[in-house]
file work06.txt (compact mmCIF, N, CA, C and O atoms)
# COMPACT_ATOMS: atom_id res chain seq x y z
N MET A 1 62.09 59.44 19.59
CA MET A 1 62.66 60.75 19.78
C MET A 1 63.96 60.85 18.98
O MET A 1 64.80 59.96 19.05
N HIS A 2 64.10 61.91 18.25
CA HIS A 2 65.30 62.16 17.45
C HIS A 2 66.02 63.35 18.08
O HIS A 2 65.66 64.50 17.86
N ILE A 3 67.05 63.07 18.87
CA ILE A 3 67.73 64.11 19.65
C ILE A 3 68.37 65.17 18.76
O ILE A 3 68.37 66.36 19.09
N GLY A 4 68.90 64.77 17.61
CA GLY A 4 69.52 65.73 16.71
C GLY A 4 68.53 66.78 16.23
O GLY A 4 68.86 67.97 16.14
N SER A 5 67.33 66.34 15.92
CA SER A 5 66.28 67.29 15.49
C SER A 5 65.92 68.26 16.60
O SER A 5 65.70 69.44 16.35
N LEU A 6 65.87 67.75 17.82
CA LEU A 6 65.57 68.63 18.96
C LEU A 6 66.66 69.68 19.15
O LEU A 6 66.37 70.85 19.42
N ILE A 7 67.90 69.26 19.01
CA ILE A 7 69.03 70.18 19.16
C ILE A 7 68.97 71.25 18.07
O ILE A 7 69.11 72.45 18.35
N ARG A 8 68.73 70.81 16.85
CA ARG A 8 68.65 71.77 15.73
C ARG A 8 67.53 72.78 15.94
O ARG A 8 67.70 73.97 15.71
N LYS A 9 66.37 72.30 16.40
CA LYS A 9 65.24 73.19 16.65
C LYS A 9 65.57 74.20 17.75
O LYS A 9 65.29 75.39 17.62
N GLU A 10 66.20 73.74 18.80
CA GLU A 10 66.56 74.63 19.90
C GLU A 10 67.58 75.68 19.44
O GLU A 10 67.49 76.84 19.82
N LEU A 11 68.54 75.26 18.63
CA LEU A 11 69.51 76.20 18.09
C LEU A 11 68.81 77.24 17.22
O LEU A 11 69.05 78.44 17.37
N LYS A 12 67.91 76.80 16.36
CA LYS A 12 67.17 77.73 15.51
C LYS A 12 66.36 78.71 16.34
O LYS A 12 66.36 79.91 16.09
N ASP A 13 65.67 78.19 17.36
CA ASP A 13 64.86 79.04 18.24
C ASP A 13 65.70 80.06 19.00
O ASP A 13 65.21 81.13 19.36
N SER A 14 66.97 79.71 19.23
CA SER A 14 67.85 80.62 19.97
C SER A 14 68.33 81.78 19.10
O SER A 14 68.87 82.77 19.62
N GLY A 15 68.19 81.63 17.79
CA GLY A 15 68.64 82.68 16.88
C GLY A 15 70.14 82.64 16.61
O GLY A 15 70.68 83.54 15.97
N ARG A 16 70.81 81.61 17.09
CA ARG A 16 72.26 81.47 16.87
C ARG A 16 72.53 80.70 15.59
O ARG A 16 71.67 79.99 15.08
N THR A 17 73.75 80.82 15.09
CA THR A 17 74.13 80.15 13.85
C THR A 17 74.79 78.80 14.14
O THR A 17 75.26 78.54 15.26
N VAL A 18 74.85 77.97 13.12
CA VAL A 18 75.54 76.69 13.23
C VAL A 18 77.02 76.93 13.49
O VAL A 18 77.65 76.21 14.28
N THR A 19 77.58 77.96 12.88
CA THR A 19 78.99 78.29 13.09
C THR A 19 79.24 78.63 14.56
O THR A 19 80.22 78.16 15.16
N TRP A 20 78.38 79.43 15.16
CA TRP A 20 78.49 79.76 16.58
C TRP A 20 78.40 78.51 17.43
O TRP A 20 79.22 78.28 18.32
N PHE A 21 77.40 77.68 17.14
CA PHE A 21 77.18 76.45 17.89
C PHE A 21 78.40 75.54 17.83
O PHE A 21 78.88 75.05 18.86
N ALA A 22 78.93 75.34 16.62
CA ALA A 22 80.10 74.47 16.46
C ALA A 22 81.29 74.99 17.27
O ALA A 22 81.99 74.22 17.93
N ALA A 23 81.50 76.29 17.23
CA ALA A 23 82.61 76.87 17.99
C ALA A 23 82.41 76.67 19.49
O ALA A 23 83.38 76.38 20.21
N GLN A 24 81.19 76.78 19.96
CA GLN A 24 80.91 76.64 21.39
C GLN A 24 81.14 75.23 21.90
O GLN A 24 81.54 75.03 23.04
N ILE A 25 80.87 74.24 21.05
CA ILE A 25 81.07 72.85 21.49
C ILE A 25 82.38 72.26 20.96
O ILE A 25 82.61 71.06 21.06
N CYS A 26 83.22 73.14 20.40
CA CYS A 26 84.56 72.76 19.92
C CYS A 26 84.52 71.67 18.86
O CYS A 26 85.16 70.61 18.99
N CYS A 27 83.76 71.93 17.81
CA CYS A 27 83.75 71.01 16.68
C CYS A 27 83.60 71.82 15.39
O CYS A 27 83.47 73.04 15.43
N THR A 28 83.63 71.13 14.28
CA THR A 28 83.46 71.79 12.99
C THR A 28 81.97 71.92 12.65
O THR A 28 81.13 71.23 13.24
N ARG A 29 81.68 72.78 11.67
CA ARG A 29 80.30 72.90 11.20
C ARG A 29 79.83 71.56 10.65
O ARG A 29 78.67 71.17 10.86
N THR A 30 80.71 70.85 9.97
CA THR A 30 80.35 69.54 9.42
C THR A 30 79.91 68.59 10.52
O THR A 30 78.91 67.88 10.39
N HIS A 31 80.66 68.59 11.62
CA HIS A 31 80.30 67.71 12.74
C HIS A 31 78.98 68.16 13.37
O HIS A 31 78.17 67.33 13.79
N ALA A 32 78.75 69.46 13.45
CA ALA A 32 77.49 69.97 13.99
C ALA A 32 76.31 69.44 13.17
O ALA A 32 75.29 69.00 13.72
N TYR A 33 76.45 69.46 11.85
CA TYR A 33 75.37 68.94 10.99
C TYR A 33 75.20 67.43 11.19
O TYR A 33 74.07 66.93 11.12
N LYS A 34 76.28 66.71 11.48
CA LYS A 34 76.16 65.28 11.79
C LYS A 34 75.38 65.08 13.08
O LYS A 34 74.58 64.15 13.19
N ILE A 35 75.60 65.96 14.05
CA ILE A 35 74.84 65.89 15.31
C ILE A 35 73.36 66.06 15.02
O ILE A 35 72.51 65.32 15.54
N PHE A 36 73.01 67.02 14.17
CA PHE A 36 71.60 67.28 13.85
C PHE A 36 70.94 66.07 13.19
O PHE A 36 69.73 65.87 13.32
N ARG A 37 71.72 65.25 12.47
CA ARG A 37 71.17 64.06 11.81
C ARG A 37 71.14 62.84 12.72
O ARG A 37 70.56 61.81 12.35
N SER A 38 71.72 62.95 13.91
CA SER A 38 71.84 61.79 14.80
C SER A 38 70.58 61.54 15.61
O SER A 38 70.00 62.46 16.17
N GLU A 39 70.19 60.27 15.66
CA GLU A 39 69.06 59.89 16.50
C GLU A 39 69.47 59.76 17.96
O GLU A 39 68.64 59.86 18.86
N SER A 40 70.75 59.51 18.20
CA SER A 40 71.27 59.38 19.56
C SER A 40 72.58 60.16 19.64
O SER A 40 73.17 60.52 18.63
N ILE A 41 73.02 60.39 20.89
CA ILE A 41 74.20 61.22 21.10
C ILE A 41 74.88 60.79 22.40
O ILE A 41 74.22 60.34 23.34
N ASP A 42 76.19 60.90 22.44
CA ASP A 42 76.97 60.62 23.64
C ASP A 42 76.52 61.55 24.77
O ASP A 42 76.28 62.74 24.53
N THR A 43 76.41 61.04 25.98
CA THR A 43 75.93 61.87 27.08
C THR A 43 76.85 63.03 27.41
O THR A 43 76.40 64.10 27.80
N GLY A 44 78.16 62.84 27.25
CA GLY A 44 79.09 63.94 27.50
C GLY A 44 78.87 65.09 26.52
O GLY A 44 78.87 66.27 26.90
N LEU A 45 78.67 64.74 25.26
CA LEU A 45 78.39 65.75 24.24
C LEU A 45 77.03 66.39 24.50
O LEU A 45 76.88 67.61 24.39
N LEU A 46 76.04 65.59 24.88
CA LEU A 46 74.72 66.14 25.17
C LEU A 46 74.78 67.12 26.34
O LEU A 46 74.09 68.14 26.34
N GLU A 47 75.63 66.84 27.32
CA GLU A 47 75.80 67.77 28.43
C GLU A 47 76.36 69.10 27.94
O GLU A 47 75.87 70.18 28.32
N ARG A 48 77.39 69.05 27.09
CA ARG A 48 77.96 70.30 26.54
C ARG A 48 76.93 71.07 25.73
O ARG A 48 76.79 72.29 25.87
N VAL A 49 76.19 70.36 24.90
CA VAL A 49 75.16 71.00 24.09
C VAL A 49 74.09 71.64 24.99
O VAL A 49 73.66 72.77 24.74
N SER A 50 73.69 70.93 26.02
CA SER A 50 72.69 71.46 26.95
C SER A 50 73.17 72.74 27.62
O SER A 50 72.41 73.71 27.74
N ARG A 51 74.42 72.76 28.02
CA ARG A 51 74.98 73.96 28.66
C ARG A 51 75.07 75.13 27.67
O ARG A 51 74.71 76.26 28.00
N VAL A 52 75.54 74.85 26.47
CA VAL A 52 75.72 75.90 25.46
C VAL A 52 74.37 76.50 25.06
O VAL A 52 74.23 77.72 24.96
N LEU A 53 73.38 75.64 24.84
CA LEU A 53 72.07 76.12 24.41
C LEU A 53 71.14 76.46 25.58
O LEU A 53 70.02 76.91 25.36
N ARG A 54 71.63 76.19 26.79
CA ARG A 54 70.85 76.46 28.00
C ARG A 54 69.47 75.81 27.93
O ARG A 54 68.43 76.44 28.13
N HIS A 55 69.50 74.52 27.61
CA HIS A 55 68.27 73.74 27.48
C HIS A 55 68.52 72.35 28.05
O HIS A 55 69.57 71.74 27.79
N ASP A 56 67.57 71.83 28.80
CA ASP A 56 67.70 70.52 29.43
C ASP A 56 67.24 69.41 28.48
O ASP A 56 66.09 68.98 28.52
N PHE A 57 68.15 68.97 27.63
CA PHE A 57 67.81 67.89 26.70
C PHE A 57 67.65 66.56 27.43
O PHE A 57 66.90 65.70 26.98
N PHE A 58 68.31 66.40 28.57
CA PHE A 58 68.13 65.19 29.36
C PHE A 58 66.68 65.10 29.85
O PHE A 58 66.10 64.02 29.88
N GLY A 59 66.11 66.22 30.21
CA GLY A 59 64.70 66.26 30.61
C GLY A 59 63.79 65.88 29.46
O GLY A 59 62.80 65.16 29.66
N ASP A 60 64.12 66.33 28.26
CA ASP A 60 63.34 65.96 27.08
C ASP A 60 63.35 64.45 26.88
O ASP A 60 62.31 63.84 26.60
N VAL A 61 64.54 63.86 26.99
CA VAL A 61 64.66 62.41 26.84
C VAL A 61 63.85 61.71 27.91
O VAL A 61 63.11 60.76 27.62
N SER A 62 63.97 62.16 29.14
CA SER A 62 63.25 61.56 30.25
C SER A 62 61.74 61.62 30.03
O SER A 62 61.02 60.64 30.22
N ARG A 63 61.25 62.79 29.63
CA ARG A 63 59.81 62.95 29.40
C ARG A 63 59.33 62.05 28.25
O ARG A 63 58.20 61.56 28.28
N SER A 64 60.19 61.81 27.27
CA SER A 64 59.78 60.96 26.16
C SER A 64 59.60 59.50 26.59
O SER A 64 58.91 58.73 25.92
N LEU A 65 60.22 59.15 27.71
CA LEU A 65 60.13 57.78 28.22
C LEU A 65 58.92 57.55 29.12
O LEU A 65 58.55 56.41 29.38
N GLU A 66 58.30 58.61 29.58
CA GLU A 66 57.15 58.48 30.49
C GLU A 66 56.07 57.65 29.84
O GLU A 66 55.71 57.85 28.68
N GLY A 67 55.60 56.67 30.58
CA GLY A 67 54.56 55.80 30.08
C GLY A 67 55.08 54.63 29.25
O GLY A 67 54.32 53.73 28.91
N GLN A 68 56.36 54.66 28.90
CA GLN A 68 56.92 53.56 28.11
C GLN A 68 57.60 52.52 28.97
O GLN A 68 57.89 51.42 28.50
N LEU A 69 57.90 52.87 30.21
CA LEU A 69 58.62 51.94 31.08
C LEU A 69 57.69 51.29 32.07
O LEU A 69 56.70 51.77 32.45
call {"tool": "encode", "arguments": {"input": "work06.txt", "output": "structure tokens"}}
result
Amino acid sequence: MHIGSLIRKELKDSGRTVTWFAAQICCTRTHAYKIFRSESIDTGLLERVSRVLRHDFFGDVSRSLEGQL
């Protein structure tokens, strides 16, 4: 699972811009693009992203583990 790709897809599906997203999570556009390239992410940041995009990324991670444990 590549969490950055999931975040980018959710942002695109929301119709919002990267500039809007970066402002909402208090970072630069450059840092937002780094998030999109990341395979993993800090849980605190993932919580902020989940709230901003109104999407349960923790649930996505959990579902990706089903059958692997």
call {"tool": "closest_residue", "arguments": {"input": "work06.txt", "among": "A:Thr30, A:Ser38, A:Gln24, A:Thr17", "to": "Ser5 in chain A", "atoms": "only C-alpha atoms"}}
result
A:Ser38
call {"tool": "closest_residue", "arguments": {"input": "work06.txt", "among": "A:Met1, A:Phe57, A:Leu45, A:Val52", "to": "His31 in chain A", "atoms": "only C-alpha atoms"}}
result
A:Leu45
call {"tool": "atom_distance", "arguments": {"input": "work06.txt", "atom1": "atom C of Leu46 in chain A", "atom2": "atom O of Glu66 in chain A"}}
result
21.3 Å
call {"tool": "atom_distance", "arguments": {"input": "work06.txt", "atom1": "CA of Ile35 in chain A", "atom2": "CA of Gly4 in chain A"}}
result
5.5 Å
call {"tool": "residues_around", "arguments": {"input": "work06.txt", "residues": "Glu10 in chain A", "least_positions_apart": "2", "cutoff": "10 Å", "atoms": "only C-alpha atoms", "output": "PDB file with N, CA, C and O atoms, in the frame of the given file"}}
result
ATOM      1  N   GLY A   4      68.900  64.770  17.610  1.00  0.00           N
ATOM      2  CA  GLY A   4      69.520  65.730  16.710  1.00  0.00           C
ATOM      3  C   GLY A   4      68.530  66.780  16.230  1.00  0.00           C
ATOM      4  O   GLY A   4      68.860  67.970  16.140  1.00  0.00           O
ATOM      5  N   SER A   5      67.330  66.340  15.920  1.00  0.00           N
ATOM      6  CA  SER A   5      66.280  67.290  15.490  1.00  0.00           C
ATOM      7  C   SER A   5      65.920  68.260  16.600  1.00  0.00           C
ATOM      8  O   SER A   5      65.700  69.440  16.350  1.00  0.00           O
ATOM      9  N   LEU A   6      65.870  67.750  17.820  1.00  0.00           N
ATOM     10  CA  LEU A   6      65.570  68.630  18.960  1.00  0.00           C
ATOM     11  C   LEU A   6      66.660  69.680  19.150  1.00  0.00           C
ATOM     12  O   LEU A   6      66.370  70.850  19.420  1.00  0.00           O
ATOM     13  N   ILE A   7      67.900  69.260  19.010  1.00  0.00           N
ATOM     14  CA  ILE A   7      69.030  70.180  19.160  1.00  0.00           C
ATOM     15  C   ILE A   7      68.970  71.250  18.070  1.00  0.00           C
ATOM     16  O   ILE A   7      69.110  72.450  18.350  1.00  0.00           O
ATOM     17  N   ARG A   8      68.730  70.810  16.850  1.00  0.00           N
ATOM     18  CA  ARG A   8      68.650  71.770  15.730  1.00  0.00           C
ATOM     19  C   ARG A   8      67.530  72.780  15.940  1.00  0.00           C
ATOM     20  O   ARG A   8      67.700  73.970  15.710  1.00  0.00           O
ATOM     21  N   LYS A  12      67.910  76.800  16.360  1.00  0.00           N
ATOM     22  CA  LYS A  12      67.170  77.730  15.510  1.00  0.00           C
ATOM     23  C   LYS A  12      66.360  78.710  16.340  1.00  0.00           C
ATOM     24  O   LYS A  12      66.360  79.910  16.090  1.00  0.00           O
ATOM     25  N   ASP A  13      65.670  78.190  17.360  1.00  0.00           N
ATOM     26  CA  ASP A  13      64.860  79.040  18.240  1.00  0.00           C
ATOM     27  C   ASP A  13      65.700  80.060  19.000  1.00  0.00           C
ATOM     28  O   ASP A  13      65.210  81.130  19.360  1.00  0.00           O
ATOM     29  N   SER A  14      66.970  79.710  19.230  1.00  0.00           N
ATOM     30  CA  SER A  14      67.850  80.620  19.970  1.00  0.00           C
ATOM     31  C   SER A  14      68.330  81.780  19.100  1.00  0.00           C
ATOM     32  O   SER A  14      68.870  82.770  19.620  1.00  0.00           O
ATOM     33  N   GLY A  15      68.190  81.630  17.790  1.00  0.00           N
ATOM     34  CA  GLY A  15      68.640  82.680  16.880  1.00  0.00           C
ATOM     35  C   GLY A  15      70.140  82.640  16.610  1.00  0.00           C
ATOM     36  O   GLY A  15      70.680  83.540  15.970  1.00  0.00           O
ATOM     37  N   ARG A  16      70.810  81.610  17.090  1.00  0.00           N
ATOM     38  CA  ARG A  16      72.260  81.470  16.870  1.00  0.00           C
ATOM     39  C   ARG A  16      72.530  80.700  15.590  1.00  0.00           C
ATOM     40  O   ARG A  16      71.670  79.990  15.080  1.00  0.00           O
ATOM     41  N   SER A  50      73.690  70.930  26.020  1.00  0.00           N
ATOM     42  CA  SER A  50      72.690  71.460  26.950  1.00  0.00           C
ATOM     43  C   SER A  50      73.170  72.740  27.620  1.00  0.00           C
ATOM     44  O   SER A  50      72.410  73.710  27.740  1.00  0.00           O
ATOM     45  N   LEU A  53      73.380  75.640  24.840  1.00  0.00           N
ATOM     46  CA  LEU A  53      72.070  76.120  24.410  1.00  0.00           C
ATOM     47  C   LEU A  53      71.140  76.460  25.580  1.00  0.00           C
ATOM     48  O   LEU A  53      70.020  76.910  25.360  1.00  0.00           O
ATOM     49  N   ARG A  54      71.630  76.190  26.790  1.00  0.00           N
ATOM     50  CA  ARG A  54      70.850  76.460  28.000  1.00  0.00           C
ATOM     51  C   ARG A  54      69.470  75.810  27.930  1.00  0.00           C
ATOM     52  O   ARG A  54      68.430  76.440  28.130  1.00  0.00           O
ATOM     53  N   HIS A  55      69.500  74.520  27.610  1.00  0.00           N
ATOM     54  CA  HIS A  55      68.270  73.740  27.480  1.00  0.00           C
ATOM     55  C   HIS A  55      68.520  72.350  28.050  1.00  0.00           C
ATOM     56  O   HIS A  55      69.570  71.740  27.790  1.00  0.00           O
ATOM     57  N   PHE A  57      68.150  68.970  27.630  1.00  0.00           N
ATOM     58  CA  PHE A  57      67.810  67.890  26.700  1.00  0.00           C
ATOM     59  C   PHE A  57      67.650  66.560  27.430  1.00  0.00           C
ATOM     60  O   PHE A  57      66.900  65.700  26.980  1.00  0.00           O
TER      61      PHE A  57
END
call {"tool": "residues_around", "arguments": {"input": "work06.txt", "residues": "Ile25 in chain A", "least_positions_apart": "2", "cutoff": "8 Å", "atoms": "only N, CA, C and O atoms", "output": "number ranges by chain"}}
result
A: 18-23, 27-28, 45, 48-49, 52
call {"tool": "atom_distance", "arguments": {"input": "work06.txt", "atom1": "CA of Leu11 in chain A", "atom2": "CA of Phe36 in chain A"}}
result
10.1 Å
call {"tool": "select_by_dssp", "arguments": {"input": "work06.txt", "residues": "chain A", "states": "alpha helix (DSSP H)", "output": "short mmCIF file (atom, residue, chain, number, x, y, z; two decimals) with N, CA, C and O atoms, in the coordinates of the input"}}
result
data_model
loop_
_atom_site.label_atom_id
_atom_site.label_comp_id
_atom_site.auth_asym_id
_atom_site.auth_seq_id
_atom_site.Cartn_x
_atom_site.Cartn_y
_atom_site.Cartn_z
N ILE A 3 67.05 63.07 18.87
CA ILE A 3 67.73 64.11 19.65
C ILE A 3 68.37 65.17 18.76
O ILE A 3 68.37 66.36 19.09
N GLY A 4 68.90 64.77 17.61
CA GLY A 4 69.52 65.73 16.71
C GLY A 4 68.53 66.78 16.23
O GLY A 4 68.86 67.97 16.14
N SER A 5 67.33 66.34 15.92
CA SER A 5 66.28 67.29 15.49
C SER A 5 65.92 68.26 16.60
O SER A 5 65.70 69.44 16.35
N LEU A 6 65.87 67.75 17.82
CA LEU A 6 65.57 68.63 18.96
C LEU A 6 66.66 69.68 19.15
O LEU A 6 66.37 70.85 19.42
N ILE A 7 67.90 69.26 19.01
CA ILE A 7 69.03 70.18 19.16
C ILE A 7 68.97 71.25 18.07
O ILE A 7 69.11 72.45 18.35
N ARG A 8 68.73 70.81 16.85
CA ARG A 8 68.65 71.77 15.73
C ARG A 8 67.53 72.78 15.94
O ARG A 8 67.70 73.97 15.71
N LYS A 9 66.37 72.30 16.40
CA LYS A 9 65.24 73.19 16.65
C LYS A 9 65.57 74.20 17.75
O LYS A 9 65.29 75.39 17.62
N GLU A 10 66.20 73.74 18.80
CA GLU A 10 66.56 74.63 19.90
C GLU A 10 67.58 75.68 19.44
O GLU A 10 67.49 76.84 19.82
N LEU A 11 68.54 75.26 18.63
CA LEU A 11 69.51 76.20 18.09
C LEU A 11 68.81 77.24 17.22
O LEU A 11 69.05 78.44 17.37
N LYS A 12 67.91 76.80 16.36
CA LYS A 12 67.17 77.73 15.51
C LYS A 12 66.36 78.71 16.34
O LYS A 12 66.36 79.91 16.09
N ASP A 13 65.67 78.19 17.36
CA ASP A 13 64.86 79.04 18.24
C ASP A 13 65.70 80.06 19.00
O ASP A 13 65.21 81.13 19.36
N SER A 14 66.97 79.71 19.23
CA SER A 14 67.85 80.62 19.97
C SER A 14 68.33 81.78 19.10
O SER A 14 68.87 82.77 19.62
N VAL A 18 74.85 77.97 13.12
CA VAL A 18 75.54 76.69 13.23
C VAL A 18 77.02 76.93 13.49
O VAL A 18 77.65 76.21 14.28
N THR A 19 77.58 77.96 12.88
CA THR A 19 78.99 78.29 13.09
C THR A 19 79.24 78.63 14.56
O THR A 19 80.22 78.16 15.16
N TRP A 20 78.38 79.43 15.16
CA TRP A 20 78.49 79.76 16.58
C TRP A 20 78.40 78.51 17.43
O TRP A 20 79.22 78.28 18.32
N PHE A 21 77.40 77.68 17.14
CA PHE A 21 77.18 76.45 17.89
C PHE A 21 78.40 75.54 17.83
O PHE A 21 78.88 75.05 18.86
N ALA A 22 78.93 75.34 16.62
CA ALA A 22 80.10 74.47 16.46
C ALA A 22 81.29 74.99 17.27
O ALA A 22 81.99 74.22 17.93
N ALA A 23 81.50 76.29 17.23
CA ALA A 23 82.61 76.87 17.99
C ALA A 23 82.41 76.67 19.49
O ALA A 23 83.38 76.38 20.21
N GLN A 24 81.19 76.78 19.96
CA GLN A 24 80.91 76.64 21.39
C GLN A 24 81.14 75.23 21.90
O GLN A 24 81.54 75.03 23.04
N ARG A 29 81.68 72.78 11.67
CA ARG A 29 80.30 72.90 11.20
C ARG A 29 79.83 71.56 10.65
O ARG A 29 78.67 71.17 10.86
N THR A 30 80.71 70.85 9.97
CA THR A 30 80.35 69.54 9.42
C THR A 30 79.91 68.59 10.52
O THR A 30 78.91 67.88 10.39
N HIS A 31 80.66 68.59 11.62
CA HIS A 31 80.30 67.71 12.74
C HIS A 31 78.98 68.16 13.37
O HIS A 31 78.17 67.33 13.79
N ALA A 32 78.75 69.46 13.45
CA ALA A 32 77.49 69.97 13.99
C ALA A 32 76.31 69.44 13.17
O ALA A 32 75.29 69.00 13.72
N TYR A 33 76.45 69.46 11.85
CA TYR A 33 75.37 68.94 10.99
C TYR A 33 75.20 67.43 11.19
O TYR A 33 74.07 66.93 11.12
N LYS A 34 76.28 66.71 11.48
CA LYS A 34 76.16 65.28 11.79
C LYS A 34 75.38 65.08 13.08
O LYS A 34 74.58 64.15 13.19
N ILE A 35 75.60 65.96 14.05
CA ILE A 35 74.84 65.89 15.31
C ILE A 35 73.36 66.06 15.02
O ILE A 35 72.51 65.32 15.54
N PHE A 36 73.01 67.02 14.17
CA PHE A 36 71.60 67.28 13.85
C PHE A 36 70.94 66.07 13.19
O PHE A 36 69.73 65.87 13.32
N ARG A 37 71.72 65.25 12.47
CA ARG A 37 71.17 64.06 11.81
C ARG A 37 71.14 62.84 12.72
O ARG A 37 70.56 61.81 12.35
N THR A 43 76.41 61.04 25.98
CA THR A 43 75.93 61.87 27.08
C THR A 43 76.85 63.03 27.41
O THR A 43 76.40 64.10 27.80
N GLY A 44 78.16 62.84 27.25
CA GLY A 44 79.09 63.94 27.50
C GLY A 44 78.87 65.09 26.52
O GLY A 44 78.87 66.27 26.90
N LEU A 45 78.67 64.74 25.26
CA LEU A 45 78.39 65.75 24.24
C LEU A 45 77.03 66.39 24.50
O LEU A 45 76.88 67.61 24.39
N LEU A 46 76.04 65.59 24.88
CA LEU A 46 74.72 66.14 25.17
C LEU A 46 74.78 67.12 26.34
O LEU A 46 74.09 68.14 26.34
N GLU A 47 75.63 66.84 27.32
CA GLU A 47 75.80 67.77 28.43
C GLU A 47 76.36 69.10 27.94
O GLU A 47 75.87 70.18 28.32
N ARG A 48 77.39 69.05 27.09
CA ARG A 48 77.96 70.30 26.54
C ARG A 48 76.93 71.07 25.73
O ARG A 48 76.79 72.29 25.87
N VAL A 49 76.19 70.36 24.90
CA VAL A 49 75.16 71.00 24.09
C VAL A 49 74.09 71.64 24.99
O VAL A 49 73.66 72.77 24.74
N SER A 50 73.69 70.93 26.02
CA SER A 50 72.69 71.46 26.95
C SER A 50 73.17 72.74 27.62
O SER A 50 72.41 73.71 27.74
N ARG A 51 74.42 72.76 28.02
CA ARG A 51 74.98 73.96 28.66
C ARG A 51 75.07 75.13 27.67
O ARG A 51 74.71 76.26 28.00
N VAL A 52 75.54 74.85 26.47
CA VAL A 52 75.72 75.90 25.46
C VAL A 52 74.37 76.50 25.06
O VAL A 52 74.23 77.72 24.96
N LEU A 53 73.38 75.64 24.84
CA LEU A 53 72.07 76.12 24.41
C LEU A 53 71.14 76.46 25.58
O LEU A 53 70.02 76.91 25.36
N PHE A 57 68.15 68.97 27.63
CA PHE A 57 67.81 67.89 26.70
C PHE A 57 67.65 66.56 27.43
O PHE A 57 66.90 65.70 26.98
N PHE A 58 68.31 66.40 28.57
CA PHE A 58 68.13 65.19 29.36
C PHE A 58 66.68 65.10 29.85
O PHE A 58 66.10 64.02 29.88
N GLY A 59 66.11 66.22 30.21
CA GLY A 59 64.70 66.26 30.61
C GLY A 59 63.79 65.88 29.46
O GLY A 59 62.80 65.16 29.66
N ASP A 60 64.12 66.33 28.26
CA ASP A 60 63.34 65.96 27.08
C ASP A 60 63.35 64.45 26.88
O ASP A 60 62.31 63.84 26.60
N VAL A 61 64.54 63.86 26.99
CA VAL A 61 64.66 62.41 26.84
C VAL A 61 63.85 61.71 27.91
O VAL A 61 63.11 60.76 27.62
N SER A 62 63.97 62.16 29.14
CA SER A 62 63.25 61.56 30.25
C SER A 62 61.74 61.62 30.03
O SER A 62 61.02 60.64 30.22
N ARG A 63 61.25 62.79 29.63
CA ARG A 63 59.81 62.95 29.40
C ARG A 63 59.33 62.05 28.25
O ARG A 63 58.20 61.56 28.28
N SER A 64 60.19 61.81 27.27
CA SER A 64 59.78 60.96 26.16
C SER A 64 59.60 59.50 26.59
O SER A 64 58.91 58.73 25.92
N LEU A 65 60.22 59.15 27.71
CA LEU A 65 60.13 57.78 28.22
C LEU A 65 58.92 57.55 29.12
O LEU A 65 58.55 56.41 29.38
#
call {"tool": "axis_aligned_box", "arguments": {"input": "work06.txt", "around": "range 15-32 of chain A", "padding_each_side": "5 Å", "output": "AutoDock Vina command-line options"}}
result
--center_x 76.7 --center_y 75.4 --center_z 16.2 --size_x 27.0 --size_y 26.2 --size_z 23.6
call {"tool": "closest_residue", "arguments": {"input": "work06.txt", "among": "A:Arg51, A:Glu39, A:Gly67, A:Gly44", "to": "Ile3 in chain A", "atoms": "only N, CA, C and O atoms"}}
result
A:Glu39
